[in-house]
Amino acid sequence: MTMDLFDQSPAEPWAEPICEGALVLRRFASACGSELLVEIEQVAAQAPFRQMQTPGGHTMSVAMTCCGDWGWVTDARGYRYQQQDPVSGDPWPSMPEVFHKLAKDAAETAGYGGFEPDSCLINRYLRGAKMGLHQDKDEDDFGHPIVSVSLGVPATFQFGGLRRGDRPERVPLEHGDVVVWGGPARLRYHGVLTLKAADHPLTGVCRYNLTFRRAR
Ligand code: MD6
Ligand code: FE
């Protein structure tokens, strides 16, 4: 095979293990990135991005919206999944087919066949936004994995252990990277370091993250 220095075709995705049960599927979502961004706009037209309140009364730096049967929300009453957008009272927008297929395919590629997400949280990070270390434990059944898709400006993901105090590993994430964690890694602490100023040709100054879960 001859190498063509001017070949613009995207790299094939490749897998990088993080720990038992968790891995990054590098560039897995690159090919459908533009389609995902169009759908994010459509969801946000119905359920606009908003900065929610933590139960402790802080405003989150990350702006969020949701689609699918169950949306993740936080307010003074706590963290939970609910079927209505608390801003409008309407059901969340349905999950776009391209979202569902991507999440299912990524889970399957990671060894978690049969994943049927009923919830997609859409996070928007601008410069300075971050997410502290936490566990995802508002779901009914931890037997289902989590699929997390990064779009736009790069970020550093922190992947820790099962105890808050365990020193987290830093995993750089770029546009199209998909992190999947389940099984023995399902309850590991994780977070996102403060987003640095940068520009991406498809998203401008934003990073988006799609987090797919089986909530119920
Ligand atoms: C991220 N988000 O935005 C990772 N977890 O890249 C999360 O891990 C997350 O946004 C639980 C609830 C909301 C979240
Ligand atoms: Fe999380």
# chains A, B, ... in the order shown; residues from 1 in each chain; ligands from 1
>>> select_by_dssp(residues="chain A", states="strand (DSSP E or B)", output="ChimeraX atom specification")
/A:14-19,22-26,50,53,59,63-67,71-75,78-82,84,91,119-125,131-134,146-152,155-159,169-173,178-181,190-192,200,204,207-213
>>> residues_around(residues="Asp177 in chain A", least_positions_apart="2", cutoff="7 Å", atoms="only C-alpha atoms", output="VMD selection string")
chain A and resid 24 to 29 149 to 150 173 to 175 179
>>> residues_near_ligand(ligand="ligand 1", cutoff="9 Å", atoms="only C-alpha atoms and all ligand atoms", output="PyMOL selection string")
chain A and resi 62+64+72-74+79+121-125+130-138+148-150+155-157+189-192+207-211
>>> write_last_selection(atoms="N, CA and C atoms", output="short mmCIF file (atom, residue, chain, number, x, y, z; two decimals), in the first residue's frame")
data_model
loop_
_atom_site.label_atom_id
_atom_site.label_comp_id
_atom_site.auth_asym_id
_atom_site.auth_seq_id
_atom_site.Cartn_x
_atom_site.Cartn_y
_atom_site.Cartn_z
N VAL A 62 -21.41 23.50 34.19
CA VAL A 62 -21.79 22.83 32.95
C VAL A 62 -23.27 23.08 32.68
N MET A 64 -26.77 21.90 30.84
CA MET A 64 -27.28 20.57 30.50
C MET A 64 -28.66 20.62 29.87
N TRP A 72 -31.85 13.30 33.35
CA TRP A 72 -31.20 13.47 34.66
C TRP A 72 -31.31 14.93 35.07
N VAL A 73 -31.78 15.18 36.29
CA VAL A 73 -31.90 16.56 36.77
C VAL A 73 -31.33 16.67 38.19
N THR A 74 -30.98 17.89 38.54
CA THR A 74 -30.57 18.18 39.93
C THR A 74 -31.15 19.52 40.33
N TYR A 79 -30.60 14.79 43.28
CA TYR A 79 -30.32 14.26 41.94
C TYR A 79 -31.35 13.20 41.62
N LEU A 121 -28.04 12.39 28.64
CA LEU A 121 -27.75 13.71 29.21
C LEU A 121 -26.79 14.40 28.25
N ILE A 122 -27.10 15.63 27.88
CA ILE A 122 -26.23 16.40 26.98
C ILE A 122 -25.61 17.54 27.80
N ASN A 123 -24.29 17.50 27.92
CA ASN A 123 -23.56 18.51 28.69
C ASN A 123 -22.85 19.46 27.75
N ARG A 124 -22.90 20.74 28.07
CA ARG A 124 -22.15 21.74 27.29
C ARG A 124 -21.15 22.45 28.20
N TYR A 125 -19.89 22.33 27.85
CA TYR A 125 -18.80 22.96 28.60
C TYR A 125 -18.27 24.14 27.80
N LYS A 130 -16.31 22.70 34.56
CA LYS A 130 -15.70 21.45 35.02
C LYS A 130 -16.76 20.60 35.70
N MET A 131 -16.40 19.34 35.94
CA MET A 131 -17.28 18.48 36.72
C MET A 131 -16.44 17.73 37.74
N GLY A 132 -16.75 17.92 39.00
CA GLY A 132 -16.00 17.29 40.08
C GLY A 132 -16.16 15.78 40.09
N LEU A 133 -15.26 15.12 40.80
CA LEU A 133 -15.31 13.65 40.89
C LEU A 133 -16.61 13.21 41.52
N HIS A 134 -17.25 12.24 40.91
CA HIS A 134 -18.52 11.71 41.42
C HIS A 134 -18.71 10.29 40.90
N GLN A 135 -19.66 9.58 41.49
CA GLN A 135 -20.09 8.28 40.97
C GLN A 135 -21.45 8.46 40.32
N ASP A 136 -21.74 7.70 39.26
CA ASP A 136 -23.09 7.69 38.68
C ASP A 136 -23.86 6.59 39.38
N LYS A 137 -24.76 6.99 40.27
CA LYS A 137 -25.48 5.96 41.05
C LYS A 137 -26.96 6.29 41.23
N ASP A 138 -27.51 7.10 40.30
CA ASP A 138 -28.93 7.40 40.35
C ASP A 138 -29.75 6.44 39.49
N SER A 148 -20.15 7.45 27.12
CA SER A 148 -19.92 8.89 27.21
C SER A 148 -19.17 9.36 25.96
N VAL A 149 -19.80 10.26 25.19
CA VAL A 149 -19.29 10.68 23.88
C VAL A 149 -18.79 12.12 23.97
N SER A 150 -17.57 12.36 23.54
CA SER A 150 -16.99 13.71 23.57
C SER A 150 -17.02 14.34 22.18
N ALA A 155 -10.83 17.84 26.22
CA ALA A 155 -10.92 17.96 27.68
C ALA A 155 -10.10 16.84 28.31
N THR A 156 -9.87 16.97 29.61
CA THR A 156 -9.21 15.90 30.36
C THR A 156 -10.21 15.26 31.29
N PHE A 157 -10.43 13.97 31.06
CA PHE A 157 -11.32 13.16 31.88
C PHE A 157 -10.51 12.62 33.04
N TYR A 189 -15.30 6.49 40.52
CA TYR A 189 -15.39 7.95 40.51
C TYR A 189 -14.81 8.49 39.21
N HIS A 190 -15.41 9.58 38.71
CA HIS A 190 -14.93 10.20 37.48
C HIS A 190 -15.33 11.67 37.47
N GLY A 191 -14.67 12.45 36.62
CA GLY A 191 -14.98 13.87 36.50
C GLY A 191 -14.28 14.45 35.29
N VAL A 192 -14.41 15.76 35.12
CA VAL A 192 -13.81 16.44 33.98
C VAL A 192 -13.07 17.67 34.52
N ARG A 207 -17.31 22.38 24.26
CA ARG A 207 -17.22 20.92 24.30
C ARG A 207 -18.61 20.40 24.64
N TYR A 208 -19.06 19.38 23.92
CA TYR A 208 -20.30 18.69 24.28
C TYR A 208 -19.96 17.29 24.72
N ASN A 209 -20.74 16.81 25.67
CA ASN A 209 -20.63 15.42 26.08
C ASN A 209 -22.02 14.81 26.11
N LEU A 210 -22.14 13.65 25.48
CA LEU A 210 -23.40 12.90 25.55
C LEU A 210 -23.17 11.73 26.49
N THR A 211 -23.98 11.63 27.54
CA THR A 211 -23.85 10.49 28.46
C THR A 211 -25.11 9.63 28.35
#
>>> select_by_dssp(residues="chain A", states="alpha helix (DSSP H)", output="ChimeraX atom specification")
/A:33-46,97-109
>>> atom_distance(atom1="CA of His144 in chain A", atom2="CA of Gly78 in chain A")
22.4 Å
>>> atom_distance(atom1="CA of Arg167 in chain A", atom2="CA of Glu20 in chain A")
16.3 Å
>>> closest_residue(among="A:Ala47, A:Ala22, A:Ala11, A:Ile146", to="Gly161 in chain A", atoms="only C-alpha atoms")
A:Ala22
>>> atom_distance(atom1="CA of Phe159 in chain A", atom2="CA of Gly183 in chain A")
14.8 Å
>>> residues_around(residues="Ala197 in chain A", least_positions_apart="2", cutoff="8 Å", atoms="only C-alpha atoms", output="PyMOL selection string")
chain A and resi 126-128+195+199+205
>>> closest_residue(among="A:Lys196, A:Arg214, A:Arg188, A:Arg164", to="ligand 2", atoms="only C-alpha atoms and all ligand atoms")
A:Arg188
>>> closest_residue(among="A:Pro117, A:Gly21, A:Pro201, A:Gly160", to="ligand 2", atoms="only C-alpha atoms and all ligand atoms")
A:Gly160
>>> residues_around(residues="Glu108 in chain A", least_positions_apart="6", cutoff="12 Å", atoms="only C-alpha atoms", output="short mmCIF file (atom, residue, chain, number, x, y, z; two decimals) with all heavy atoms, in the first residue's frame")
data_model
loop_
_atom_site.label_atom_id
_atom_site.label_comp_id
_atom_site.auth_asym_id
_atom_site.auth_seq_id
_atom_site.Cartn_x
_atom_site.Cartn_y
_atom_site.Cartn_z
N LEU A 25 -12.90 4.33 23.25
CA LEU A 25 -12.95 4.00 21.82
C LEU A 25 -12.59 5.29 21.09
O LEU A 25 -13.44 6.17 20.91
CB LEU A 25 -14.35 3.50 21.44
CG LEU A 25 -14.84 2.26 22.21
CD1 LEU A 25 -16.30 1.96 21.85
CD2 LEU A 25 -13.96 1.05 21.91
N LYS A 101 -28.22 4.48 18.15
CA LYS A 101 -27.39 3.52 17.43
C LYS A 101 -25.92 3.64 17.85
O LYS A 101 -25.24 2.63 18.07
CB LYS A 101 -27.53 3.72 15.91
CG LYS A 101 -26.74 2.70 15.11
CD LYS A 101 -26.95 2.86 13.61
CE LYS A 101 -26.31 1.74 12.80
NZ LYS A 101 -25.04 1.24 13.27
N LEU A 102 -25.44 4.86 17.96
CA LEU A 102 -24.05 5.08 18.37
C LEU A 102 -23.79 4.47 19.75
O LEU A 102 -22.79 3.77 19.96
CB LEU A 102 -23.75 6.58 18.39
CG LEU A 102 -22.40 6.97 19.00
CD1 LEU A 102 -21.25 6.48 18.13
CD2 LEU A 102 -22.32 8.49 19.19
N GLY A 114 -26.27 -5.68 23.94
CA GLY A 114 -27.65 -5.56 24.41
C GLY A 114 -27.97 -4.30 25.19
O GLY A 114 -29.03 -4.19 25.79
N PHE A 115 -27.07 -3.31 25.15
CA PHE A 115 -27.33 -2.04 25.86
C PHE A 115 -28.46 -1.29 25.16
O PHE A 115 -28.41 -1.04 23.96
CB PHE A 115 -26.05 -1.20 25.87
CG PHE A 115 -26.17 0.13 26.57
CD1 PHE A 115 -26.69 0.23 27.85
CD2 PHE A 115 -25.73 1.30 25.95
CE1 PHE A 115 -26.79 1.46 28.51
CE2 PHE A 115 -25.81 2.54 26.60
CZ PHE A 115 -26.35 2.61 27.87
N GLU A 116 -29.48 -0.92 25.93
CA GLU A 116 -30.62 -0.15 25.40
C GLU A 116 -30.79 1.10 26.27
O GLU A 116 -31.53 1.09 27.25
CB GLU A 116 -31.91 -0.99 25.45
CG GLU A 116 -31.98 -2.10 24.43
CD GLU A 116 -32.13 -1.59 22.99
OE1 GLU A 116 -32.49 -0.41 22.79
OE2 GLU A 116 -31.88 -2.39 22.07
N HIS A 144 -25.98 -2.23 33.91
CA HIS A 144 -25.86 -1.60 32.58
C HIS A 144 -24.66 -0.66 32.55
O HIS A 144 -24.41 0.05 33.52
CB HIS A 144 -27.13 -0.80 32.26
CG HIS A 144 -28.38 -1.62 32.28
ND1 HIS A 144 -28.65 -2.56 31.31
CD2 HIS A 144 -29.40 -1.67 33.16
CE1 HIS A 144 -29.81 -3.14 31.59
NE2 HIS A 144 -30.29 -2.62 32.70
N PRO A 145 -23.94 -0.62 31.41
CA PRO A 145 -22.78 0.27 31.32
C PRO A 145 -23.19 1.73 31.10
O PRO A 145 -24.38 2.04 30.95
CB PRO A 145 -22.05 -0.26 30.09
CG PRO A 145 -23.15 -0.77 29.21
CD PRO A 145 -24.19 -1.34 30.15
N ILE A 146 -22.20 2.61 31.08
CA ILE A 146 -22.37 4.02 30.74
C ILE A 146 -21.55 4.28 29.48
O ILE A 146 -20.42 3.77 29.36
CB ILE A 146 -21.90 4.91 31.90
CG1 ILE A 146 -22.84 4.70 33.09
CG2 ILE A 146 -21.85 6.37 31.49
CD1 ILE A 146 -22.38 5.37 34.35
N VAL A 147 -22.12 5.04 28.57
CA VAL A 147 -21.43 5.39 27.33
C VAL A 147 -21.36 6.91 27.25
O VAL A 147 -22.38 7.60 27.33
CB VAL A 147 -22.18 4.82 26.10
CG1 VAL A 147 -21.56 5.32 24.80
CG2 VAL A 147 -22.19 3.30 26.13
N VAL A 180 -16.47 4.05 27.57
CA VAL A 180 -17.49 3.11 28.02
C VAL A 180 -17.01 2.51 29.32
O VAL A 180 -15.86 2.07 29.41
CB VAL A 180 -17.72 1.98 26.98
CG1 VAL A 180 -18.84 1.05 27.45
CG2 VAL A 180 -18.04 2.55 25.60
N TRP A 181 -17.89 2.54 30.36
CA TRP A 181 -17.50 1.86 31.60
C TRP A 181 -18.69 1.10 32.17
O TRP A 181 -19.82 1.53 32.09
CB TRP A 181 -16.82 2.76 32.61
CG TRP A 181 -17.55 3.89 33.26
CD1 TRP A 181 -18.09 3.88 34.51
CD2 TRP A 181 -17.75 5.22 32.75
NE1 TRP A 181 -18.62 5.12 34.80
CE2 TRP A 181 -18.43 5.94 33.75
CE3 TRP A 181 -17.43 5.85 31.54
CZ2 TRP A 181 -18.80 7.28 33.58
CZ3 TRP A 181 -17.80 7.17 31.36
CH2 TRP A 181 -18.47 7.87 32.38
N GLY A 182 -18.38 -0.09 32.69
CA GLY A 182 -19.41 -0.96 33.24
C GLY A 182 -18.76 -2.05 34.05
O GLY A 182 -17.57 -1.97 34.36
#
>>> closest_residue(among="A:Leu202, A:Leu23, A:Cys120, A:Asp90", to="ligand 2", atoms="only C-alpha atoms and all ligand atoms")
A:Cys120
>>> closest_residue(among="A:Met60, A:Gln46, A:Ala110, A:Gln53", to="Asp85 in chain A", atoms="only C-alpha atoms")
A:Gln46
>>> residues_around(residues="Gln82 in chain A", least_positions_apart="5", cutoff="10 Å", atoms="only C-alpha atoms", output="list in words")
Asp69, Trp70, Gly71, Trp72, Val73, Pro91, Trp92, Ser119 and Ala215 of chain A
>>> closest_residue(among="A:Ala15, A:Leu187, A:Val43, A:Ala129", to="ligand 2", atoms="only C-alpha atoms and all ligand atoms")
A:Leu187
